[in-house]
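Asks: Starting off with a structure, shown below.
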Amino acid sequence: MSETAPSPVVQDPAVLERRRRAQRKRDRKRAMVVRDILAERFPRCFMPKGEPKLPLKIGIYNDIKAAAPDIGGRRLFLALRDYTTGGTYLAAMREGADRIGLDGWPDGKVSAEQAADAQRRLRGKSRRISRDNVDDQDRAA
């Protein structure tokens, strides 16, 4: 009886990058499916992609897990990360803005520190978009 040696670990950076990109693409698709579910089940809290957003209450993950146990933890995490890192959500994170719960009612306020962090992330997002557009224009030239 012969045993086969374990396959070597792939260390090629190009292969690793392709795998990371493929995983991000799969994660993005999963996030979009769950975002659609959240918008359907909790329409007073979750807005469809591209619509104006409201800041979510702190701890909404646990509220969703209790109200929708059929949504897996990793899938929910991916959806919330996607929702809360988008430009429309970050723009809504203004100091003193109401945070909303699953029922759409206010449940907390955005602090000055949270608002400043959101604005910093939004500026970083804008710089990345501008840099990517310049790179695209350079490739086209």
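Residues in the structure tokens are named by chain (A, B, ... in the order shown) and by number from 1 within that chain; ligands are numbered from 1 in the order shown.
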Which polymer residues have any atom within 12 Å of an atom of Ala118 of chain A, counting only C-alpha atoms, with same-chain residues fewer than 5 positions away left out, as a list in words?
Replies: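 Once the nearby chain positions are removed, what remains is Pro55, Thr84, Thr85, Gly86, Gly87, Thr88, Tyr89, Leu90, Ala91, Ala92, Met93, Arg94, Glu95, Val110, Ser111, Ala112, Glu113, Arg123, Gly124 and Lys125 of chain A.
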Asks: Going by DSSP on the backbone, which residues of chain A come out as helix (DSSP H, G or I)? List them as a PyMOL selection string.
Replies: chain A and resi 13-41+60-67+73-84+87-92+112-140
Asks: Can you pull out the residues contacting Asp36 of chain A? Cut-off 10 Å, using only C-alpha atoms, and skip same-chain residues under 5 positions away; I want them as a ChimeraX atom specification.
Replies: /A:31,41-43,46-49,79
Asks: Which of segment 24-125 of chain A counts as strand (DSSP E) under DSSP, as a PyMOL selection string please?
Replies: chain A and resi 98-100+106-109
Asks: May I have the residues from that selection written out with C-alpha atoms, as a PDB file, in the first residue's frame?
Replies:
ATOM      1  CA  ASP A  98     -30.146  58.482  15.339  1.00  0.00           C
ATOM      2  CA  ARG A  99     -29.111  54.863  15.152  1.00  0.00           C
ATOM      3  CA  ILE A 100     -32.019  52.580  14.309  1.00  0.00           C
ATOM      4  CA  PRO A 106     -34.217  55.194  17.126  1.00  0.00           C
ATOM      5  CA  ASP A 107     -31.949  53.251  19.447  1.00  0.00           C
ATOM      6  CA  GLY A 108     -28.904  55.341  20.269  1.00  0.00           C
ATOM      7  CA  LYS A 109     -26.969  58.176  18.670  1.00  0.00           C
TER       8      LYS A 109
END
Asks: Could you check how far atom CA of Arg20 of chain A sits from atom CA of Arg75 of chain A, in Å to one decimal?
Replies: 17.3 Å
Asks: What's the separation between atom CA of Lys57 of chain A and atom CA of Asp103 of chain A, in Å to one decimal place?
Replies: 10.8 Å
Asks: Using only C-alpha atoms for the distances, tell me which of A:Pro13, A:Leu80, A:Gly96, A:Asp117 is nearest to Gly59 of chain A.
Replies: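 Nearest candidate to Gly59 of chain A out of A:Pro13, A:Leu80, A:Gly96, A:Asp117: A:Leu80.
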Asks: Give me, as a list in words, all polymer residues having an atom no more than 12 Å from Gly73 of chain A, counting only C-alpha atoms and skipping those fewer than 2 positions away in the same chain.
Replies: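 In the requested form, the answer reads Arg30, Ala31, Val34, Tyr61, Asn62, Ile64, Lys65, Ala66, Ala68, Pro69, Asp70, Ile71, Arg75, Leu76, Phe77, Leu78, Ala79 and Leu80 of chain A.
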Asks: Mind dumping the selected residues with N, CA and C atoms as a tab-separated table (two decimals), in the first residue's frame?
Replies:
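Produced file again02.tsv, reproduced below:
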chain	number	residue	atom	x	y	z
A	30	ARG	N	-22.41	36.37	-1.52
A	30	ARG	CA	-23.13	35.94	-0.32
A	30	ARG	C	-23.68	37.15	0.44
A	31	ALA	N	-22.87	38.20	0.54
A	31	ALA	CA	-23.30	39.41	1.25
A	31	ALA	C	-24.52	40.02	0.57
A	34	VAL	N	-27.73	38.06	1.37
A	34	VAL	CA	-28.20	38.31	2.74
A	34	VAL	C	-28.71	39.75	2.87
A	61	TYR	N	-26.18	43.04	15.18
A	61	TYR	CA	-25.85	41.66	14.80
A	61	TYR	C	-26.60	40.68	15.72
A	62	ASN	N	-26.51	40.90	17.02
A	62	ASN	CA	-27.18	40.01	17.97
A	62	ASN	C	-28.70	40.06	17.83
A	64	ILE	N	-30.34	40.62	15.07
A	64	ILE	CA	-30.68	39.88	13.85
A	64	ILE	C	-30.57	38.38	14.10
A	65	LYS	N	-29.51	37.96	14.79
A	65	LYS	CA	-29.35	36.53	15.09
A	65	LYS	C	-30.55	36.01	15.88
A	66	ALA	N	-31.09	36.82	16.81
A	66	ALA	CA	-32.24	36.39	17.59
A	66	ALA	C	-33.51	36.37	16.74
A	68	ALA	N	-33.65	36.26	13.32
A	68	ALA	CA	-33.51	35.48	12.08
A	68	ALA	C	-32.40	34.44	12.26
A	69	PRO	N	-32.63	33.43	13.10
A	69	PRO	CA	-31.59	32.43	13.36
A	69	PRO	C	-31.21	31.60	12.13
A	70	ASP	N	-32.01	31.66	11.08
A	70	ASP	CA	-31.70	30.90	9.87
A	70	ASP	C	-30.55	31.53	9.06
A	71	ILE	N	-30.20	32.77	9.36
A	71	ILE	CA	-29.09	33.42	8.65
A	71	ILE	C	-27.80	33.07	9.39
A	75	ARG	N	-22.28	34.60	7.07
A	75	ARG	CA	-23.02	35.31	6.02
A	75	ARG	C	-23.56	36.64	6.53
A	76	LEU	N	-24.05	36.66	7.77
A	76	LEU	CA	-24.56	37.90	8.36
A	76	LEU	C	-23.43	38.90	8.55
A	77	PHE	N	-22.29	38.42	9.04
A	77	PHE	CA	-21.12	39.29	9.20
A	77	PHE	C	-20.74	39.93	7.87
A	78	LEU	N	-20.67	39.13	6.81
A	78	LEU	CA	-20.30	39.65	5.49
A	78	LEU	C	-21.30	40.70	5.01
A	79	ALA	N	-22.59	40.43	5.22
A	79	ALA	CA	-23.62	41.37	4.78
A	79	ALA	C	-23.54	42.68	5.56
A	80	LEU	N	-23.36	42.60	6.87
A	80	LEU	CA	-23.27	43.82	7.68
A	80	LEU	C	-22.00	44.60	7.35
